[in-house]
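Participant: Below you'll find final-v9.cif; it's mmCIF, C-alpha atoms and all ligand atoms.
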data_my_file
#
loop_
_atom_site.label_atom_id
_atom_site.label_comp_id
_atom_site.auth_asym_id
_atom_site.auth_seq_id
_atom_site.Cartn_x
_atom_site.Cartn_y
_atom_site.Cartn_z
CA MET A 7 33.17 46.00 -47.07
CA LYS A 8 30.03 45.18 -45.26
CA GLU A 9 27.86 46.68 -48.01
CA THR A 10 29.54 44.72 -50.81
CA CYS A 11 29.11 41.52 -48.96
CA PHE A 12 25.47 42.21 -48.34
CA ARG A 13 24.86 43.03 -51.98
CA LYS A 14 26.64 39.92 -53.08
CA ASN A 15 24.55 37.78 -50.76
CA ALA A 16 21.36 39.57 -51.68
CA LEU A 17 22.06 38.93 -55.33
CA ASN A 18 22.91 35.29 -54.65
CA MET A 19 19.54 34.80 -53.04
CA PHE A 20 17.91 35.04 -56.43
CA SER A 21 20.33 32.76 -58.19
CA PRO A 22 18.79 29.38 -59.24
CA ILE A 23 21.18 27.41 -57.02
CA TRP A 24 20.21 29.40 -53.95
CA ILE A 25 16.52 28.95 -54.74
CA VAL A 26 16.97 25.17 -54.95
CA ARG A 27 19.01 25.17 -51.74
CA ARG A 28 16.49 27.39 -49.99
CA GLY A 29 13.70 25.05 -51.07
CA PHE A 30 15.61 22.18 -49.57
CA TRP A 31 16.17 23.95 -46.26
CA VAL A 32 12.59 25.15 -46.01
CA ALA A 33 11.31 21.63 -46.62
CA PHE A 34 13.86 20.19 -44.22
CA LEU A 35 12.97 22.60 -41.43
CA ARG A 36 9.25 22.14 -42.02
CA ASN A 37 9.60 18.36 -41.83
CA LEU A 38 11.75 18.62 -38.74
CA PHE A 39 9.12 20.82 -37.13
CA LEU A 40 6.35 18.37 -38.08
CA LEU A 41 8.40 15.50 -36.72
CA PHE A 42 8.79 17.29 -33.37
CA VAL A 43 5.10 18.08 -33.21
CA LEU A 44 4.04 14.54 -34.10
CA THR A 45 6.46 12.72 -31.84
CA GLY A 46 5.51 15.13 -29.08
CA MET A 47 1.87 14.32 -29.61
CA ILE A 48 2.45 10.58 -29.82
CA GLY A 49 4.70 10.65 -26.75
CA GLY A 50 2.18 12.79 -24.92
CA CYS A 51 -0.64 10.45 -25.88
CA SER A 52 1.15 7.32 -24.83
CA SER A 53 2.23 8.68 -21.47
CA LYS A 54 -1.30 10.02 -20.90
CA ALA A 55 -2.64 6.62 -21.90
CA ARG A 56 -0.19 4.96 -19.54
CA GLU A 57 -1.35 7.17 -16.70
CA ASN A 58 -4.94 6.29 -17.52
CA ILE A 59 -4.20 2.58 -17.43
CA ILE A 60 -2.43 2.92 -14.11
CA ASP A 61 -5.15 5.03 -12.59
CA LYS A 62 -7.77 2.67 -13.97
CA GLU A 63 -6.26 -0.32 -12.16
CA VAL A 64 -6.23 1.55 -8.86
CA GLU A 65 -9.72 2.90 -9.45
CA ASN A 66 -11.00 -0.60 -10.21
CA LEU A 67 -9.67 -1.77 -6.88
CA ARG A 68 -11.18 1.21 -5.08
CA ASN A 69 -14.54 0.61 -6.75
CA SER A 70 -14.56 -3.07 -6.04
CA LEU A 71 -13.81 -2.44 -2.34
CA ASN A 72 -16.46 0.26 -2.22
CA ASN A 73 -18.98 -2.05 -3.86
CA ILE A 74 -18.56 -4.86 -1.38
CA SER A 75 -18.48 -2.51 1.66
CA GLY A 76 -21.59 -2.79 3.78
CA LYS A 77 -22.54 -6.15 2.27
CA TYR A 78 -19.49 -8.37 2.59
CA ILE A 79 -16.15 -8.35 4.34
CA LEU A 80 -13.04 -9.79 2.67
CA PHE A 81 -10.96 -12.05 4.84
CA GLY A 82 -7.21 -11.42 4.72
CA HIS A 83 -4.10 -13.08 6.11
CA GLN A 84 -0.55 -11.74 6.39
CA ASP A 85 2.15 -13.68 4.45
CA ASP A 86 -0.43 -16.32 3.58
CA LEU A 87 1.28 -17.68 0.45
CA ALA A 88 4.82 -17.49 1.79
CA TYR A 89 4.78 -19.80 4.81
CA GLY A 90 2.58 -21.26 7.48
CA LEU A 91 2.52 -23.76 10.28
CA GLY A 92 5.09 -26.39 9.40
CA TRP A 93 5.90 -25.22 5.85
CA LYS A 94 7.73 -22.50 3.99
CA GLY A 95 7.98 -21.48 0.34
CA ILE A 96 5.73 -24.15 -1.18
CA ARG A 97 4.10 -22.43 -4.14
CA GLY A 98 0.31 -22.48 -3.93
CA ASN A 99 0.27 -23.44 -0.23
CA SER A 100 -1.83 -21.47 2.23
CA ASP A 101 -2.93 -22.21 5.79
CA VAL A 102 -6.29 -20.56 5.07
CA LYS A 103 -6.74 -22.84 2.08
CA SER A 104 -5.72 -25.91 4.07
CA ALA A 105 -8.35 -25.06 6.65
CA THR A 106 -11.21 -23.98 4.39
CA GLY A 107 -10.48 -25.13 0.83
CA ASP A 108 -10.06 -21.56 -0.42
CA TYR A 109 -7.49 -18.79 -0.33
CA PRO A 110 -8.09 -15.57 1.55
CA ALA A 111 -9.44 -12.74 -0.62
CA LEU A 112 -6.77 -10.36 0.66
CA PHE A 113 -3.06 -10.98 1.12
CA GLY A 114 -0.85 -8.93 3.44
CA TRP A 115 2.90 -8.39 2.83
CA GLU A 116 5.67 -6.63 4.67
CA LEU A 117 8.55 -4.45 3.43
CA GLY A 118 10.56 -4.10 6.66
CA ASN A 119 14.33 -4.27 5.87
CA ILE A 120 13.85 -3.18 2.27
CA GLY A 121 17.29 -3.06 0.65
CA ASP A 122 18.35 -6.38 2.19
CA PHE A 123 17.90 -9.68 0.40
CA GLU A 124 15.14 -10.80 2.77
CA ASN A 125 12.44 -8.86 4.59
CA ILE A 126 12.21 -8.59 8.36
CA ASP A 127 10.44 -11.96 8.52
CA GLY A 128 12.85 -13.90 6.33
CA ILE A 129 11.04 -13.74 2.97
CA PRO A 130 13.28 -12.74 0.04
CA PHE A 131 11.98 -9.54 -1.55
CA ASP A 132 12.08 -11.25 -4.96
CA SER A 133 9.70 -13.86 -3.56
CA ILE A 134 7.38 -11.17 -2.17
CA VAL A 135 7.18 -9.69 -5.67
CA SER A 136 6.23 -13.07 -7.10
CA TYR A 137 3.69 -13.78 -4.32
CA ILE A 138 2.03 -10.43 -4.97
CA LYS A 139 1.89 -11.28 -8.68
CA LEU A 140 0.46 -14.70 -7.86
CA ALA A 141 -2.16 -13.24 -5.53
CA HIS A 142 -3.14 -10.75 -8.22
CA THR A 143 -3.37 -13.48 -10.87
CA LEU A 144 -5.53 -15.52 -8.52
CA GLY A 145 -7.86 -12.50 -8.31
CA GLY A 146 -7.03 -11.36 -4.78
CA VAL A 147 -6.20 -7.99 -3.23
CA ASN A 148 -2.71 -7.17 -1.90
CA THR A 149 -1.92 -4.90 1.02
CA ILE A 150 1.57 -3.91 2.16
CA SER A 151 2.84 -2.78 5.55
CA TRP A 152 6.26 -1.35 6.35
CA HIS A 153 7.99 -1.94 9.68
CA ALA A 154 10.63 0.56 8.63
CA ARG A 155 14.06 0.71 10.18
CA TYR A 156 15.03 4.14 11.45
CA PRO A 157 17.02 5.35 8.44
CA VAL A 158 19.90 6.86 10.44
CA THR A 159 20.88 3.96 12.68
CA ASN A 160 19.15 1.20 10.72
CA PHE A 161 17.79 -0.06 14.04
CA ASN A 162 14.42 -1.81 13.75
CA SER A 163 11.02 -0.08 14.12
CA TRP A 164 10.75 -0.88 17.85
CA ASN A 165 14.18 0.45 18.78
CA LEU A 166 13.69 3.94 20.21
CA THR A 167 17.37 4.86 20.66
CA ASP A 168 18.55 8.21 19.23
CA ILE A 169 15.42 9.02 17.28
CA ASP A 170 15.11 12.46 15.74
CA VAL A 171 12.35 12.37 13.16
CA GLN A 172 12.89 15.99 12.14
CA SER A 173 16.40 15.14 11.03
CA ILE A 174 15.09 12.81 8.31
CA LEU A 175 12.42 15.24 7.05
CA PRO A 176 13.17 17.76 4.27
CA GLY A 177 15.82 20.19 5.45
CA GLY A 178 17.08 17.77 8.12
CA ASP A 179 20.68 16.54 8.21
CA ASN A 180 19.66 12.96 7.58
CA HIS A 181 17.04 13.54 4.95
CA GLY A 182 19.19 11.82 2.31
CA LEU A 183 19.16 8.59 4.32
CA PHE A 184 15.37 8.67 4.39
CA LEU A 185 15.28 9.26 0.64
CA GLU A 186 17.43 6.17 0.13
CA LYS A 187 14.73 4.09 1.81
CA LEU A 188 11.95 5.73 -0.17
CA ASN A 189 13.87 5.07 -3.39
CA LEU A 190 14.06 1.40 -2.44
CA LEU A 191 10.32 1.34 -1.80
CA ALA A 192 9.64 3.02 -5.13
CA GLY A 193 11.82 0.45 -6.90
CA PHE A 194 9.82 -2.32 -5.25
CA PHE A 195 6.45 -0.85 -6.19
CA HIS A 196 7.59 -0.36 -9.79
CA ARG A 197 8.30 -4.09 -10.02
CA LEU A 198 4.67 -4.99 -9.39
CA LYS A 199 3.49 -5.54 -12.93
CA THR A 200 1.43 -8.18 -14.75
CA PRO A 201 3.12 -10.18 -17.55
CA GLU A 202 1.50 -7.68 -19.95
CA GLY A 203 3.23 -4.84 -18.12
CA LYS A 204 0.13 -3.50 -16.41
CA PRO A 205 0.74 -2.20 -12.88
CA ILE A 206 -0.68 -4.29 -10.06
CA PRO A 207 -2.61 -2.08 -7.64
CA VAL A 208 -1.74 -2.53 -3.96
CA ILE A 209 -2.87 -0.93 -0.72
CA PHE A 210 0.14 0.59 1.01
CA ARG A 211 -0.22 1.06 4.76
CA PRO A 212 2.81 3.02 5.97
CA TRP A 213 3.50 4.40 9.46
CA HIS A 214 0.78 2.30 11.07
CA GLU A 215 -0.16 2.15 14.78
CA MET A 216 1.02 5.73 15.24
CA TYR A 217 -0.84 6.45 18.50
CA GLY A 218 1.03 3.84 20.49
CA ASN A 219 4.62 4.36 21.55
CA TRP A 220 6.26 1.14 20.40
CA PHE A 221 7.45 2.36 16.98
CA TRP A 222 9.92 5.20 16.38
CA TRP A 223 7.14 7.09 14.53
CA GLY A 224 4.84 6.56 17.53
CA ARG A 225 3.77 9.09 20.17
CA SER A 226 6.83 8.93 22.39
CA LYS A 227 9.43 9.75 19.73
CA CYS A 228 7.60 11.66 17.04
CA SER A 229 5.42 14.76 17.42
CA ASP A 230 2.03 14.91 15.69
CA ASP A 231 3.32 17.54 13.26
CA ASP A 232 6.41 15.52 12.38
CA TYR A 233 4.27 12.44 11.92
CA ILE A 234 1.98 14.22 9.49
CA GLN A 235 4.98 15.51 7.56
CA LEU A 236 6.51 12.04 7.51
CA PHE A 237 3.32 10.55 6.09
CA ARG A 238 2.73 13.29 3.55
CA TYR A 239 6.32 13.32 2.39
CA THR A 240 6.30 9.55 1.92
CA VAL A 241 3.17 9.64 -0.23
CA ASP A 242 4.17 12.77 -2.17
CA TYR A 243 7.64 11.49 -2.91
CA LEU A 244 6.51 8.05 -4.06
CA LYS A 245 3.68 9.36 -6.21
CA ASN A 246 5.06 12.64 -7.55
CA GLU A 247 8.84 12.21 -7.60
CA LYS A 248 9.06 8.50 -8.29
CA LYS A 249 5.83 8.24 -10.28
CA VAL A 250 4.54 5.26 -8.33
CA SER A 251 0.93 5.14 -9.47
CA ASN A 252 -0.33 1.77 -8.31
CA LEU A 253 -1.07 2.64 -4.69
CA LEU A 254 -4.11 3.12 -2.56
CA ILE A 255 -2.94 4.53 0.77
CA ALA A 256 -4.21 3.33 4.16
CA PHE A 257 -4.09 5.29 7.42
CA SER A 258 -4.05 2.64 10.08
CA PRO A 259 -4.08 3.68 13.77
CA ASP A 260 -3.85 1.30 16.70
CA ASN A 261 -6.67 1.28 19.26
CA ARG A 262 -5.53 4.32 21.29
CA PHE A 263 -8.33 6.72 20.41
CA ASN A 264 -11.88 7.15 21.63
CA SER A 265 -13.51 9.71 19.34
CA GLU A 266 -13.44 10.97 15.78
CA ASP A 267 -11.18 13.83 16.85
CA THR A 268 -8.63 11.62 18.55
CA TYR A 269 -8.66 9.19 15.61
CA LEU A 270 -7.82 12.11 13.33
CA GLU A 271 -5.08 13.71 15.45
CA ARG A 272 -2.38 12.49 13.08
CA TYR A 273 -4.50 12.30 9.95
CA PRO A 274 -2.42 13.58 7.02
CA GLY A 275 -5.42 14.81 5.01
CA ASP A 276 -8.04 13.53 2.60
CA GLU A 277 -5.78 13.93 -0.41
CA TYR A 278 -3.24 11.53 1.13
CA VAL A 279 -5.49 8.71 2.24
CA ASP A 280 -7.84 6.23 0.55
CA VAL A 281 -8.51 3.75 3.34
CA LEU A 282 -9.24 4.42 7.01
CA GLY A 283 -8.17 1.47 9.11
CA LEU A 284 -7.94 0.09 12.61
CA ASP A 285 -5.31 -2.23 14.08
CA ASP A 286 -6.75 -3.69 17.25
CA TYR A 287 -5.58 -6.73 19.16
CA GLY A 288 -5.59 -5.28 22.67
CA ASP A 289 -9.33 -4.78 23.11
CA PHE A 290 -9.93 -8.44 22.27
CA ARG A 291 -7.19 -9.48 24.67
CA SER A 292 -8.84 -7.57 27.46
CA GLY A 293 -12.27 -8.92 26.53
CA ARG A 294 -13.59 -5.45 25.61
CA LEU A 295 -15.54 -6.37 22.49
CA ASP A 296 -17.69 -3.31 23.14
CA LEU A 297 -14.64 -1.09 22.59
CA VAL A 298 -13.80 -2.80 19.31
CA VAL A 299 -17.37 -2.14 18.17
CA ILE A 300 -17.15 1.53 19.19
CA LYS A 301 -13.80 2.02 17.44
CA LEU A 302 -14.89 0.32 14.23
CA GLY A 303 -17.98 2.55 14.43
CA ILE A 304 -15.79 5.65 14.63
CA VAL A 305 -13.73 4.48 11.65
CA SER A 306 -16.88 3.77 9.68
CA ASP A 307 -18.47 7.15 10.51
CA ILE A 308 -15.40 9.08 9.42
CA ALA A 309 -15.04 6.97 6.29
CA LYS A 310 -18.67 7.66 5.35
CA LYS A 311 -18.23 11.42 5.83
CA LYS A 312 -14.99 11.50 3.89
CA ASN A 313 -16.07 9.04 1.24
CA LYS A 314 -13.21 6.66 2.08
CA ILE A 315 -12.97 2.88 2.40
CA ALA A 316 -13.10 1.57 5.99
CA ALA A 317 -11.18 -1.58 6.95
CA PHE A 318 -10.17 -3.65 9.96
CA THR A 319 -6.54 -3.55 8.82
CA GLU A 320 -5.00 -5.81 11.51
CA THR A 321 -6.34 -7.99 14.27
CA GLY A 322 -6.22 -11.50 15.65
CA SER A 323 -5.75 -13.65 18.69
CA ASP A 324 -2.14 -14.79 18.92
CA LYS A 325 -1.91 -18.60 19.21
CA LEU A 326 -5.73 -18.49 19.30
CA GLU A 327 -5.57 -18.33 23.05
CA ILE A 328 -9.07 -16.88 23.19
CA ASN A 329 -11.44 -19.77 22.78
CA ASN A 330 -13.58 -19.67 19.62
CA TRP A 331 -12.14 -16.27 18.90
CA TYR A 332 -13.30 -16.28 15.28
CA THR A 333 -17.01 -16.77 15.88
CA SER A 334 -17.50 -15.56 19.44
CA ASN A 335 -15.25 -12.49 19.17
CA LEU A 336 -14.44 -11.42 15.62
CA LEU A 337 -17.74 -12.33 13.99
CA GLN A 338 -19.73 -10.88 16.88
CA VAL A 339 -17.91 -7.61 16.53
CA LEU A 340 -18.16 -7.45 12.74
CA LYS A 341 -21.88 -8.19 12.85
CA ALA A 342 -22.61 -5.80 15.70
CA ASN A 343 -24.23 -3.10 13.58
CA ASP A 344 -24.29 -1.38 10.18
CA LYS A 345 -21.11 0.51 10.98
CA THR A 346 -19.03 -2.53 11.83
CA ARG A 347 -20.45 -4.31 8.76
CA ASN A 348 -19.08 -1.47 6.71
CA MET A 349 -15.50 -2.79 6.87
CA ALA A 350 -14.23 -3.72 3.40
CA TRP A 351 -11.87 -6.30 4.87
CA VAL A 352 -10.52 -7.81 8.04
CA MET A 353 -6.96 -9.10 8.12
CA VAL A 354 -5.34 -11.35 10.72
CA TRP A 355 -1.59 -11.49 11.25
CA ARG A 356 0.96 -14.08 10.24
CA ASN A 357 1.43 -17.77 10.97
CA ARG A 358 5.09 -17.73 11.92
CA ASP A 359 5.22 -20.91 14.01
CA SER A 360 3.46 -22.61 16.90
CA GLU A 361 4.45 -19.71 19.18
CA HIS A 362 3.04 -16.96 16.96
CA PHE A 363 0.07 -17.69 14.67
CA TYR A 364 -3.46 -16.48 13.95
CA VAL A 365 -5.02 -19.01 11.58
CA PRO A 366 -5.48 -22.56 12.93
CA ASN A 367 -3.88 -25.45 11.08
CA GLY A 368 -5.34 -28.88 10.41
CA GLN A 369 -4.93 -30.28 13.92
CA HIS A 370 -5.86 -27.23 15.89
CA PRO A 371 -8.99 -27.55 18.09
CA GLN A 372 -10.26 -24.20 16.78
CA GLN A 373 -10.17 -25.30 13.18
CA GLU A 374 -13.93 -25.87 13.18
CA ASP A 375 -14.58 -22.44 14.68
CA PHE A 376 -12.45 -20.85 11.96
CA ARG A 377 -14.37 -22.76 9.28
CA LEU A 378 -17.69 -21.62 10.71
CA PHE A 379 -16.46 -18.04 10.62
CA CYS A 380 -15.37 -18.36 6.99
CA ASP A 381 -18.69 -20.03 6.08
CA ASP A 382 -20.62 -17.00 7.25
CA LYS A 383 -22.36 -15.28 4.31
CA MET A 384 -20.79 -11.94 5.18
CA ILE A 385 -17.20 -13.23 5.17
CA ILE A 386 -15.65 -13.53 1.74
CA LEU A 387 -12.78 -15.74 0.64
CA LEU A 388 -11.18 -15.60 -2.79
CA ASP A 389 -13.67 -17.57 -4.93
CA GLU A 390 -16.61 -15.60 -3.64
CA TYR A 391 -14.78 -12.30 -4.12
CA LYS A 392 -14.06 -13.21 -7.74
CA ARG A 393 -17.73 -14.01 -8.30
CA LEU A 394 -18.78 -10.69 -6.79
CA LYS A 395 -16.26 -8.55 -8.65
C1 LIG A 401 5.04 -8.34 14.31
C2 LIG A 401 5.53 -9.74 14.58
C3 LIG A 401 6.99 -9.74 14.24
C4 LIG A 401 7.20 -9.30 12.80
C5 LIG A 401 6.53 -7.97 12.55
C6 LIG A 401 6.61 -7.54 11.10
O1 LIG A 401 3.74 -8.17 14.72
O2 LIG A 401 4.86 -10.68 13.80
O3 LIG A 401 7.48 -11.04 14.43
O4 LIG A 401 8.56 -9.20 12.50
O5 LIG A 401 5.18 -8.06 12.92
O6 LIG A 401 5.98 -8.42 10.24
#
Output the file's structure in the form of structure tokens.

Facilitator:
Amino acid sequence: MKETCFRKNALNMFSPIWIVRRGFWVAFLRNLFLLFVLTGMIGGCSSKARENIIDKEVENLRNSLNNISGKYILFGHQDDLAYGLGWKGIRGNSDVKSATGDYPALFGWELGNIGDFENIDGIPFDSIVSYIKLAHTLGGVNTISWHARYPVTNFNSWNLTDIDVQSILPGGDNHGLFLEKLNLLAGFFHRLKTPEGKPIPVIFRPWHEMYGNWFWWGRSKCSDDDYIQLFRYTVDYLKNEKKVSNLLIAFSPDNRFNSEDTYLERYPGDEYVDVLGLDDYGDFRSGRLDLVVIKLGIVSDIAKKKNKIAAFTETGSDKLEINNWYTSNLLQVLKANDKTRNMAWVMVWRNRDSEHFYVPNGQHPQQEDFRLFCDDKMIILLDEYKRLK
């Protein structure tokens, strides 16, 4: 039975109909194969090209910050376009511009309470997206901080109740809750595109001020090892899992260190960090300008060795209580030596209201001091940055 069948089929193979059919199938399969190969190649090319475009944007930002380092320092202001003293949500407004005639070169934004309609400081996330786009169109640099809620309780960053950082790390019972937050972040970063669809590069500065004990990721509630895992996991997950490719990453300690070793105690590693920062308000408050100079020097030395960008990521004098703070404190410190001059930017915090602000408004007695600071050749606002780029 088997043999007859085989013979019959074998004979049929040489019949004219079979030859025509075989020709058809051979051609069909060959074309199908070619189609797979070609679409594979085209798909491969376009995703490779996409990666290149994304990396190029980030690399351009890195290069431009590297190029100005040592010569100029960009001036930055948190939430500058969103609100200021006596106004909120007026497109194009800026307290820095009101005081000096120009926008800051760097704009800080905050993602605390991601997942809600508004961020921790009452700015709708949709608006933050459009401010970041506006800042980018204007030619400025954007940097983003994250006062993250503890994912398990959703209590704010400063609430230290029931913290167990290990439980949100991989393998921990609450890891899924942490992933939910990271997914929200990734969704936000993916929205940062130009009208042509090109990704807007931003400097992300997660888990900042980690040597103090005021945040749940700080010293009192999170071990050094857990901190490093938290940082690495955040960056790995965003970049590798969620394919967020528009980030430079900043490591941004507070002022509680006094040597290169102590600065690096929670350093997640060169492959995780692009910018080495410092957040320091306290040393100005206590009049210890010498300590600010030493700490910026440490940041600059490490950045030089590691080929990273150095930046004064947060500072300021709240309500400008220190007289002539801009020229007699900040400028003095930034001009102290070659190391302090090596900061790519300095950013002051937000102008919430008359009880919490860092940039003087029109009537403030320190307006002139702020203008003098901004007029200094080393300090760069937006127009100058665009000329230098
Ligand atoms: C702090 C204060 C808070 C604010 C937080 C996050 O330094 O300005 O009012 O909620 O930053 O932006």

Participant: Check which residues of chain A sit at most 8 Å from ligand LIG 401 (chain A) using all atoms listed in the file, and return one row each with the closest pair of atoms and their distance in Å to one decimal, ordered by chain and rising number, as CSV.

Facilitator:
residue,atom,partner,partner_atom,distance
A:Glu116,CA,A:LIG401,O6,5.9
A:Gly118,CA,A:LIG401,C6,6.9
A:Ile126,CA,A:LIG401,O4,5.6
A:Asp127,CA,A:LIG401,O4,5.2
A:Ser151,CA,A:LIG401,O6,8.0
A:Trp152,CA,A:LIG401,C6,7.8
A:His153,CA,A:LIG401,C6,5.9
A:Trp355,CA,A:LIG401,O2,7.0
A:Arg356,CA,A:LIG401,O2,6.3
A:Arg358,CA,A:LIG401,O2,7.3
A:His362,CA,A:LIG401,O2,7.3

Participant: Residues near A:Phe194, anyone? I mean within 10 Å using only C-alpha atoms, not counting same-chain ones fewer than 4 positions away, as a short mmCIF file (atom, residue, chain, number, x, y, z; two decimals) with C-alpha atoms, in the frame of the given file.

Facilitator:
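Final file, result-v3.cif:
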data_model
loop_
_atom_site.label_atom_id
_atom_site.label_comp_id
_atom_site.auth_asym_id
_atom_site.auth_seq_id
_atom_site.Cartn_x
_atom_site.Cartn_y
_atom_site.Cartn_z
CA LEU A 117 8.55 -4.45 3.43
CA ILE A 120 13.85 -3.18 2.27
CA GLY A 121 17.29 -3.06 0.65
CA PHE A 131 11.98 -9.54 -1.55
CA ASP A 132 12.08 -11.25 -4.96
CA ILE A 134 7.38 -11.17 -2.17
CA VAL A 135 7.18 -9.69 -5.67
CA LEU A 188 11.95 5.73 -0.17
CA ASN A 189 13.87 5.07 -3.39
CA LEU A 190 14.06 1.40 -2.44
CA LEU A 198 4.67 -4.99 -9.39
CA VAL A 250 4.54 5.26 -8.33
#

Participant: If we count only C-alpha atoms and set the cut-off at 9 Å, which residues sit around stretch 274-281 of chain A, ignoring sequence neighbours fewer than 6 positions away in its own chain? Please answer as a compact mmCIF listing (two decimals) with C-alpha atoms, in the frame of the given file.

Facilitator:
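Output file result.txt follows:
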# COMPACT_ATOMS: atom_id res chain seq x y z
CA ARG A 68 -11.18 1.21 -5.08
CA ILE A 209 -2.87 -0.93 -0.72
CA ARG A 211 -0.22 1.06 4.76
CA TYR A 233 4.27 12.44 11.92
CA ILE A 234 1.98 14.22 9.49
CA GLN A 235 4.98 15.51 7.56
CA PHE A 237 3.32 10.55 6.09
CA ARG A 238 2.73 13.29 3.55
CA VAL A 241 3.17 9.64 -0.23
CA ASP A 242 4.17 12.77 -2.17
CA LEU A 254 -4.11 3.12 -2.56
CA ILE A 255 -2.94 4.53 0.77
CA ALA A 256 -4.21 3.33 4.16
CA PHE A 257 -4.09 5.29 7.42
CA SER A 258 -4.05 2.64 10.08
CA ALA A 309 -15.04 6.97 6.29
CA LYS A 312 -14.99 11.50 3.89
CA ASN A 313 -16.07 9.04 1.24
CA LYS A 314 -13.21 6.66 2.08
CA ILE A 315 -12.97 2.88 2.40
CA ALA A 316 -13.10 1.57 5.99
CA ALA A 317 -11.18 -1.58 6.95

Participant: Can you measure atom CA of A:Pro176 to atom CA of A:Glu271 for me? One decimal in Å is fine.

Facilitator: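 Distance between the two atoms: 21.8 Å.
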
Participant: Using only C-alpha atoms, determine which residues lie at most 12 Å from stretch 382-384 of chain A, disregarding the query and same-chain residues fewer than 4 positions distant; provide the list as an MDAnalysis selection string.

Facilitator: chainID A and resid 74:81 332:333 336:338 340:341 346:352 375:378 390:391

Participant: Nearest to A:Leu144 among A:Glu247, A:Asp168, A:Asp232, A:Asp389, with distances taken over only C-alpha atoms: which residue is it?

Facilitator: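 Once distances to A:Leu144 are computed over only C-alpha atoms, the minimum belongs to A:Asp389.
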
Participant: Dig up all the protein and nucleic acid residues within 12 Å of (-3.8, -16.1, 22.2) in the file frame, using all atoms listed in the file, and format them as a list in words.

Facilitator: Tyr287, Gly288, Phe290, Arg291, Ser292, Gly293, Thr321, Gly322, Ser323, Asp324, Lys325, Leu326, Glu327, Ile328, Asn329, Asn330, Trp331, Tyr332, Ser360, Glu361, His362, Phe363, Tyr364, Val365, Pro366 and Gln372 of chain A
